[in-house]
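Have a look at the structure below before the remarks.
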Amino acid sequence: TPAFFIDESDFRSRALAWNAALSQAFDSNAGTVYYAAKAFICTEVGRWIKDCGIGIDVCTGGELAVALAAGIDPAKIELHGNNKSVEELRAAITARVQHIVVDSFDELDRIETLHAEGLPAPRVQLRITPGVHVDTHDYVATGQDDSKFGFNLNNGDAMRAIQRAQASTAVELVGIHCHIGSNVLSVANFADACAVMVELFLSVDVPELTLGGGLGVAYTNGETAPSMSEWADVLKRATSAIPAEKKVFVEPGRSIVATAGLTVYEVGTVKSI
């Protein structure tokens, strides 16, 4: 098992820079920056997140437990994931997390069952698949029509989910959400997704829009990654029609922790070929 080393000052500076970029670009529309815990999480990193004043996006019951153990306010935690168990949903609702990003009709069924058992109706955002292809590896692209993530916009599932959530007493629909992929190096891909999401957002009476994360980092000499401010500026232009009282959220992960992280291994065997 390798040893993981995380540069605390580098991590904190990037987390704070994301907060500043969102605030400066979106002004009154700026919501919370949610660090994507799937990029890397442990209790100590959770404490840094808490100190930096940003939120955290958790995808499993284990990540939720770590976030709570780190002392992060549940009001700054969102639960994500496309296959949440009843136990994970129960834990999130009981902890009163800020919101749950609902990914499927099955998940709505599970929440309604929990509500019938006496649990309070959680705040939810619905993950929308906007039908946008991105320039990244196929395995980490999640915005296209055949993605296993979210409610498909182009086949009508998204509107059916919105209508169901609006009519349900088991959930409080507060927003819509998208995440088009990981390690995306083209800001044009984000602009395309934003255009689709803003059109849908303006047609739905909800206060929150989450545009996900996925901003890439350069791993090879031939790659160039956009800066946080470049990314935020593109999103701001794409969301300029959103009323001032609405809130925009983002979920960076890799772009905060990747360059701060290092793994150390012991070489056991060397073979000359």
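The way I read the labels, and the way they are meant: chains A, B, ... in the order of the structure tokens, residue 1 as the first residue of every chain, and ligand 1 as the first ligand shown, with later ones counted on from there.
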Exercise. Using only C-alpha atoms, which residues sit within 8 Å of stretch 41-45 of chain A once same-chain residues fewer than 3 positions away are excluded, as a PyMOL selection string?
Worked result: chain A and resi 37-38+48-49+63+66-67+69-70
Residues from the last selection, C-alpha atoms, saved as a tab-separated table (two decimals), in the first residue's frame:
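Heads up, here's the output in selection_16.tsv:
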```tsv
chain	number	residue	atom	x	y	z
A	37	ALA	CA	-14.53	14.09	-2.07
A	38	LYS	CA	-14.08	11.33	-4.64
A	48	TRP	CA	-8.97	21.71	5.90
A	49	ILE	CA	-12.18	21.92	3.87
A	63	GLU	CA	-17.38	9.65	2.65
A	66	VAL	CA	-15.58	11.00	7.17
A	67	ALA	CA	-17.00	14.48	6.48
A	69	ALA	CA	-16.09	13.08	11.68
A	70	ALA	CA	-14.04	16.02	10.39
```
For this session: If you run DSSP over the backbone, which residues in stretch 85-261 of chain A end up strand (DSSP E or B)? Put them as a PyMOL selection string.
Result: chain A and resi 99-102+123-129+141+151-152+172-177+181+184+208-210+215+247-250+261
Exercise. What lies within 8 Å of stretch 227-237 of chain A using only C-alpha atoms, ignoring chain neighbours under 3 positions off, as a list of chain:residue names?
Worked result: A:Ala17, A:Trp18, A:Ala21, A:Leu22, A:Ala25, A:Phe26, A:Val187, A:Ala188, A:Phe190, A:Ala191, A:Cys194, A:Leu215, A:Ser240
Write the residues of the preceding selection, restricted to all heavy atoms, as a compact mmCIF listing (two decimals), in the first residue's frame.
```
# COMPACT_ATOMS: atom_id res chain seq x y z
N ALA A 17 -8.77 29.68 -3.60
CA ALA A 17 -8.80 30.30 -4.92
C ALA A 17 -10.10 29.97 -5.66
O ALA A 17 -10.65 30.81 -6.38
CB ALA A 17 -7.59 29.83 -5.73
N TRP A 18 -10.60 28.75 -5.49
CA TRP A 18 -11.88 28.39 -6.10
C TRP A 18 -13.00 29.25 -5.52
O TRP A 18 -13.87 29.73 -6.24
CB TRP A 18 -12.18 26.91 -5.86
CG TRP A 18 -11.81 26.04 -7.01
CD1 TRP A 18 -10.77 25.15 -7.09
CD2 TRP A 18 -12.48 25.97 -8.27
NE1 TRP A 18 -10.75 24.54 -8.32
CE2 TRP A 18 -11.79 25.02 -9.06
CE3 TRP A 18 -13.58 26.61 -8.80
CZ2 TRP A 18 -12.18 24.71 -10.36
CZ3 TRP A 18 -13.98 26.30 -10.10
CH2 TRP A 18 -13.28 25.36 -10.86
N ALA A 21 -12.67 32.67 -7.05
CA ALA A 21 -13.03 32.70 -8.46
C ALA A 21 -14.54 32.67 -8.64
O ALA A 21 -15.11 33.40 -9.46
CB ALA A 21 -12.39 31.52 -9.19
N LEU A 22 -15.22 31.84 -7.84
CA LEU A 22 -16.68 31.76 -7.93
C LEU A 22 -17.31 33.07 -7.49
O LEU A 22 -18.21 33.59 -8.15
CB LEU A 22 -17.19 30.60 -7.08
CG LEU A 22 -18.69 30.30 -7.21
CD1 LEU A 22 -18.99 29.65 -8.57
CD2 LEU A 22 -19.18 29.40 -6.10
N ALA A 25 -16.61 35.91 -10.11
CA ALA A 25 -17.27 35.75 -11.40
C ALA A 25 -18.79 35.84 -11.29
O ALA A 25 -19.44 36.40 -12.16
CB ALA A 25 -16.87 34.41 -12.04
N PHE A 26 -19.35 35.29 -10.20
CA PHE A 26 -20.80 35.18 -10.10
C PHE A 26 -21.44 36.20 -9.17
O PHE A 26 -22.65 36.36 -9.17
CB PHE A 26 -21.20 33.77 -9.69
CG PHE A 26 -21.02 32.77 -10.78
CD1 PHE A 26 -19.80 32.14 -10.97
CD2 PHE A 26 -22.05 32.47 -11.65
CE1 PHE A 26 -19.62 31.22 -12.00
CE2 PHE A 26 -21.89 31.56 -12.67
CZ PHE A 26 -20.66 30.93 -12.85
N VAL A 187 -12.67 24.51 -22.05
CA VAL A 187 -13.73 25.30 -21.41
C VAL A 187 -14.95 25.40 -22.32
O VAL A 187 -16.07 25.63 -21.84
CB VAL A 187 -13.24 26.71 -21.03
CG1 VAL A 187 -12.23 26.64 -19.90
CG2 VAL A 187 -12.67 27.45 -22.23
N ALA A 188 -14.77 25.18 -23.62
CA ALA A 188 -15.90 25.22 -24.55
C ALA A 188 -16.91 24.11 -24.22
O ALA A 188 -18.13 24.30 -24.40
CB ALA A 188 -15.42 25.07 -25.99
N PHE A 190 -17.67 23.05 -21.24
CA PHE A 190 -18.47 23.54 -20.12
C PHE A 190 -19.49 24.58 -20.60
O PHE A 190 -20.62 24.61 -20.13
CB PHE A 190 -17.57 24.15 -19.04
CG PHE A 190 -16.68 23.14 -18.36
CD1 PHE A 190 -15.32 23.15 -18.57
CD2 PHE A 190 -17.21 22.20 -17.49
CE1 PHE A 190 -14.49 22.23 -17.94
CE2 PHE A 190 -16.40 21.28 -16.85
CZ PHE A 190 -15.04 21.29 -17.07
N ALA A 191 -19.07 25.42 -21.52
CA ALA A 191 -20.00 26.43 -22.06
C ALA A 191 -21.18 25.77 -22.76
O ALA A 191 -22.33 26.22 -22.62
CB ALA A 191 -19.26 27.36 -23.02
N CYS A 194 -23.48 24.39 -20.12
CA CYS A 194 -24.13 25.51 -19.43
C CYS A 194 -25.31 26.04 -20.23
O CYS A 194 -26.37 26.33 -19.69
CB CYS A 194 -23.15 26.64 -19.20
SG CYS A 194 -22.22 26.47 -17.70
N LEU A 215 -13.06 20.18 -14.05
CA LEU A 215 -11.95 20.94 -14.63
C LEU A 215 -10.67 20.13 -14.50
O LEU A 215 -10.31 19.68 -13.43
CB LEU A 215 -11.79 22.28 -13.91
CG LEU A 215 -10.69 23.19 -14.46
CD1 LEU A 215 -11.02 23.63 -15.88
CD2 LEU A 215 -10.50 24.41 -13.58
N SER A 240 -25.39 34.26 -17.85
CA SER A 240 -25.69 35.68 -17.63
C SER A 240 -27.18 35.98 -17.54
O SER A 240 -27.57 37.01 -16.98
CB SER A 240 -25.06 36.51 -18.76
OG SER A 240 -25.58 36.10 -20.02
```
Exercise. Per DSSP on the backbone, what are the alpha helix (DSSP H) residues of stretch 81-265 of chain A, as a PyMOL selection string?
Worked result: chain A and resi 86-95+105-116+157-167+187-203+228-238+254-257
For this session: Would you mind listing what lies within 12 Å of A:Ser255 as a ChimeraX atom specification, with only C-alpha atoms counted and same-chain residues fewer than 2 positions away left out?
Result: /A:10-15,17-18,35-37,39-40,182-185,213-219,225-228,231,251-253,257-261
For this session: Would you please work out which residue, of A:Arg90, A:Val206, A:Asn29, A:Asp73, is nearest to A:Gly46 when using only C-alpha atoms?
Result: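 Result for the nearest residue to A:Gly46: A:Asp73.
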For this session: Just the residues within 9 Å of A:Asn83, please, counting only C-alpha atoms, with nothing from its chain fewer than 3 positions along; format it as number ranges by chain.
Result: A: 103-104, 106-107
Saved selection, atoms kept: all heavy atoms, as an mmCIF file, in the first residue's frame:
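Contents of selection.cif, as written:
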```
data_model
loop_
_atom_site.group_PDB
_atom_site.id
_atom_site.type_symbol
_atom_site.label_atom_id
_atom_site.label_comp_id
_atom_site.auth_asym_id
_atom_site.auth_seq_id
_atom_site.Cartn_x
_atom_site.Cartn_y
_atom_site.Cartn_z
ATOM 1 N N ASP A 103 -30.399 10.907 -8.683
ATOM 2 C CA ASP A 103 -29.850 10.458 -9.956
ATOM 3 C C ASP A 103 -30.800 9.588 -10.771
ATOM 4 O O ASP A 103 -30.555 9.343 -11.949
ATOM 5 C CB ASP A 103 -28.554 9.678 -9.684
ATOM 6 C CG ASP A 103 -27.657 9.544 -10.890
ATOM 7 O OD1 ASP A 103 -27.878 8.618 -11.693
ATOM 8 O OD2 ASP A 103 -26.743 10.371 -11.038
ATOM 9 N N SER A 104 -31.894 9.078 -10.161
ATOM 10 C CA SER A 104 -32.745 8.123 -10.872
ATOM 11 C C SER A 104 -34.144 8.086 -10.269
ATOM 12 O O SER A 104 -34.377 8.548 -9.150
ATOM 13 C CB SER A 104 -32.142 6.718 -10.807
ATOM 14 O OG SER A 104 -32.170 6.237 -9.468
ATOM 15 N N ASP A 106 -35.522 5.305 -9.404
ATOM 16 C CA ASP A 106 -35.401 4.351 -8.300
ATOM 17 C C ASP A 106 -35.056 5.076 -7.003
ATOM 18 O O ASP A 106 -35.564 4.733 -5.927
ATOM 19 C CB ASP A 106 -34.319 3.313 -8.594
ATOM 20 C CG ASP A 106 -34.751 2.282 -9.626
ATOM 21 O OD1 ASP A 106 -35.955 2.231 -9.938
ATOM 22 O OD2 ASP A 106 -33.883 1.530 -10.116
ATOM 23 N N GLU A 107 -34.182 6.073 -7.125
ATOM 24 C CA GLU A 107 -33.787 6.821 -5.933
ATOM 25 C C GLU A 107 -34.956 7.632 -5.373
ATOM 26 O O GLU A 107 -35.133 7.720 -4.150
ATOM 27 C CB GLU A 107 -32.607 7.738 -6.257
ATOM 28 C CG GLU A 107 -32.006 8.408 -5.032
ATOM 29 C CD GLU A 107 -30.755 9.189 -5.354
ATOM 30 O OE1 GLU A 107 -30.101 8.897 -6.375
ATOM 31 O OE2 GLU A 107 -30.429 10.101 -4.572
#
```
Problem set entry | Best match for closeness to A:Pro207 among A:Ala244, A:Ile56, A:Ala238, A:Cys178, counting only C-alpha atoms |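 Smallest separation from A:Pro207 among the options: A:Ala244.
Between A:Gln166 and the candidates A:Asp205, A:Glu199, A:Glu87, A:Asp27, the tightest atom-to-atom separation, counting only C-alpha atoms, involves A:Asp205.
The two atoms in question, atom CA of A:Gly175 and atom CA of A:Gly62, are spaced 24.9 Å apart.
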Got a sec: who's within 9 Å of stretch 155-158 of chain A, counting only C-alpha atoms, leaving out chain neighbours fewer than 6 positions off, as a PDB file with all heavy atoms, in the first residue's frame?
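To be explicit, this is the file written out as out13.pdb:
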```pdb
ATOM      1  N   LEU A 126     -31.914  17.565  -8.904  1.00  0.00           N
ATOM      2  CA  LEU A 126     -31.995  16.463  -9.851  1.00  0.00           C
ATOM      3  C   LEU A 126     -30.832  16.550 -10.822  1.00  0.00           C
ATOM      4  O   LEU A 126     -30.600  17.603 -11.430  1.00  0.00           O
ATOM      5  CB  LEU A 126     -33.314  16.511 -10.626  1.00  0.00           C
ATOM      6  CG  LEU A 126     -34.601  16.406  -9.806  1.00  0.00           C
ATOM      7  CD1 LEU A 126     -35.810  16.468 -10.727  1.00  0.00           C
ATOM      8  CD2 LEU A 126     -34.625  15.132  -8.971  1.00  0.00           C
ATOM      9  N   ARG A 127     -30.089  15.435 -10.947  1.00  0.00           N
ATOM     10  CA  ARG A 127     -28.979  15.420 -11.898  1.00  0.00           C
ATOM     11  C   ARG A 127     -29.524  15.209 -13.308  1.00  0.00           C
ATOM     12  O   ARG A 127     -30.194  14.219 -13.593  1.00  0.00           O
ATOM     13  CB  ARG A 127     -27.974  14.320 -11.547  1.00  0.00           C
ATOM     14  CG  ARG A 127     -26.812  14.279 -12.536  1.00  0.00           C
ATOM     15  CD  ARG A 127     -25.667  13.450 -12.054  1.00  0.00           C
ATOM     16  NE  ARG A 127     -24.591  13.424 -13.034  1.00  0.00           N
ATOM     17  CZ  ARG A 127     -23.395  12.896 -12.835  1.00  0.00           C
ATOM     18  NH1 ARG A 127     -23.110  12.340 -11.669  1.00  0.00           N
ATOM     19  NH2 ARG A 127     -22.472  12.908 -13.773  1.00  0.00           N
ATOM     20  N   ILE A 128     -29.192  16.140 -14.184  1.00  0.00           N
ATOM     21  CA  ILE A 128     -29.650  16.118 -15.570  1.00  0.00           C
ATOM     22  C   ILE A 128     -28.500  15.714 -16.491  1.00  0.00           C
ATOM     23  O   ILE A 128     -27.371  16.182 -16.328  1.00  0.00           O
ATOM     24  CB  ILE A 128     -30.175  17.511 -15.994  1.00  0.00           C
ATOM     25  CG1 ILE A 128     -31.211  18.043 -14.981  1.00  0.00           C
ATOM     26  CG2 ILE A 128     -30.748  17.458 -17.401  1.00  0.00           C
ATOM     27  CD1 ILE A 128     -32.434  17.189 -14.808  1.00  0.00           C
ATOM     28  N   THR A 129     -28.796  14.846 -17.440  1.00  0.00           N
ATOM     29  CA  THR A 129     -27.819  14.501 -18.475  1.00  0.00           C
ATOM     30  C   THR A 129     -28.099  15.388 -19.682  1.00  0.00           C
ATOM     31  O   THR A 129     -29.109  15.197 -20.379  1.00  0.00           O
ATOM     32  CB  THR A 129     -27.959  13.020 -18.880  1.00  0.00           C
ATOM     33  OG1 THR A 129     -27.976  12.206 -17.709  1.00  0.00           O
ATOM     34  CG2 THR A 129     -26.804  12.605 -19.768  1.00  0.00           C
ATOM     35  N   ASP A 145     -25.750  11.415 -24.061  1.00  0.00           N
ATOM     36  CA  ASP A 145     -27.086  10.826 -23.940  1.00  0.00           C
ATOM     37  C   ASP A 145     -27.085   9.409 -23.392  1.00  0.00           C
ATOM     38  O   ASP A 145     -28.045   9.004 -22.727  1.00  0.00           O
ATOM     39  CB  ASP A 145     -27.798  10.836 -25.304  1.00  0.00           C
ATOM     40  CG  ASP A 145     -28.442  12.188 -25.611  1.00  0.00           C
ATOM     41  OD1 ASP A 145     -28.765  12.916 -24.649  1.00  0.00           O
ATOM     42  OD2 ASP A 145     -28.607  12.513 -26.797  1.00  0.00           O
TER      43      ASP A 145
END
```
For this session: Name the closest residue to A:Thr224 among the candidates A:Thr263, A:Asn154, A:Thr239, A:Ser186; distances are taken between atoms, counting only C-alpha atoms.
Result: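 Residue with the minimum atom-to-atom distance to A:Thr224: A:Ser186.
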